[in-house]
Amino acid sequence: MTAEHEPVRSEGPSVVTAGDPAGPKVIVLDPAGAGKHDELPATWRPLAERRGVFWCRVPVGGALTEADDLVGDAGPGDPEITVVASGPFAAEALQLVERHPGAAARLLLVDPASDAFLPSGDASAANEAWLAEHDDVVAKLREAGTDVRLIASSTESPEDRVPPPLPLGHPDVVAAVRSALGEG
């Protein structure tokens, strides 16, 4: 999915920011381009009451560069950083965190195997296989102090309503992020 194929998704800001930018940060790499009108998805707004949320709208040019700058600018003693990514940009998220060893406390992944068509019923097994395929990078990140976790997979339940990847604004994704952050 590229911005030139999805012009509506590429409109608006490259990064939507909410919450305290000086506090703990959650950097979201969103392949769907939610937040076109410069607002976080409603499900994420309560999280911004305690953290700075940087919603990087990947279909918009410059979003990944801004995410790289946010992670790369972190220094010793800075507030913790959590990176959240899904399917089409899971590999880029691994590379982003790998470029800045130890800068991110967490890398939380949603349906990382869904960079192509994947039936919902196969998502969990495919995601585990994806993690095993990237085990060398995951091990290196964990050694540098980054907790790498699969936090959500699509299912065939009526609540999902869409094929993988599960949208990052989905309530199950937000609940999994909050749980990983020790807030839920």
# chains A, B, ... in the order shown; residues from 1 in each chain; ligands from 1
call {"tool": "select_by_dssp", "arguments": {"residues": "segment 22-177 of chain A", "states": "strand (DSSP E)", "output": "mmCIF file with C-alpha atoms, in the first residue's frame"}}
result
data_model
loop_
_atom_site.group_PDB
_atom_site.id
_atom_site.type_symbol
_atom_site.label_atom_id
_atom_site.label_comp_id
_atom_site.auth_asym_id
_atom_site.auth_seq_id
_atom_site.Cartn_x
_atom_site.Cartn_y
_atom_site.Cartn_z
ATOM 1 C CA LYS A 25 6.274 8.213 24.465
ATOM 2 C CA VAL A 26 4.268 5.835 22.333
ATOM 3 C CA ILE A 27 5.239 5.994 18.666
ATOM 4 C CA VAL A 28 2.668 4.331 16.419
ATOM 5 C CA LEU A 29 3.526 3.374 12.830
ATOM 6 C CA ASP A 30 0.090 3.315 11.218
ATOM 7 C CA GLY A 52 2.911 11.494 24.574
ATOM 8 C CA VAL A 53 1.419 9.668 21.591
ATOM 9 C CA PHE A 54 3.025 10.197 18.185
ATOM 10 C CA TRP A 55 0.751 8.679 15.544
ATOM 11 C CA CYS A 56 2.950 8.358 12.444
ATOM 12 C CA ARG A 57 0.686 8.194 9.407
ATOM 13 C CA ILE A 81 9.720 4.957 24.369
ATOM 14 C CA THR A 82 7.338 2.307 23.094
ATOM 15 C CA VAL A 83 6.988 1.637 19.362
ATOM 16 C CA VAL A 84 3.771 0.047 18.058
ATOM 17 C CA ALA A 85 3.521 -1.299 14.499
ATOM 18 C CA SER A 86 1.385 -3.606 12.446
ATOM 19 C CA ARG A 106 9.234 -1.881 23.926
ATOM 20 C CA LEU A 107 8.364 -2.876 20.382
ATOM 21 C CA LEU A 108 4.749 -4.031 20.269
ATOM 22 C CA LEU A 109 3.604 -5.810 17.117
ATOM 23 C CA VAL A 110 0.119 -6.387 15.717
ATOM 24 C CA ASP A 147 10.991 -5.941 25.021
ATOM 25 C CA VAL A 148 9.674 -7.234 21.660
ATOM 26 C CA ARG A 149 6.160 -8.671 21.818
ATOM 27 C CA LEU A 150 3.331 -9.802 19.615
ATOM 28 C CA ILE A 151 0.366 -8.137 21.326
ATOM 29 C CA ALA A 152 -2.573 -8.789 18.999
#
call {"tool": "residues_around", "arguments": {"residues": "Ala32 of chain A", "least_positions_apart": "3", "cutoff": "8 Å", "atoms": "only C-alpha atoms", "output": "PyMOL selection string"}}
result
chain A and resi 9+57-59+167
call {"tool": "select_by_dssp", "arguments": {"residues": "chain A", "states": "helix (DSSP H, G or I)", "output": "PyMOL selection string"}}
result
chain A and resi 42-49+63-72+87-99+120-133+135-143+171-180
call {"tool": "atom_distance", "arguments": {"atom1": "atom CA of Leu168 of chain A", "atom2": "atom CA of Gly145 of chain A"}}
result
24.3 Å
call {"tool": "residues_around", "arguments": {"residues": "Asp78 of chain A", "least_positions_apart": "2", "cutoff": "10 Å", "atoms": "only C-alpha atoms", "output": "list in words"}}
result
Ala22, Gly23, Pro24, Lys25, Asp73, Ala74, Gly75, Pro76, Glu80, Ile81 and Ala103 of chain A
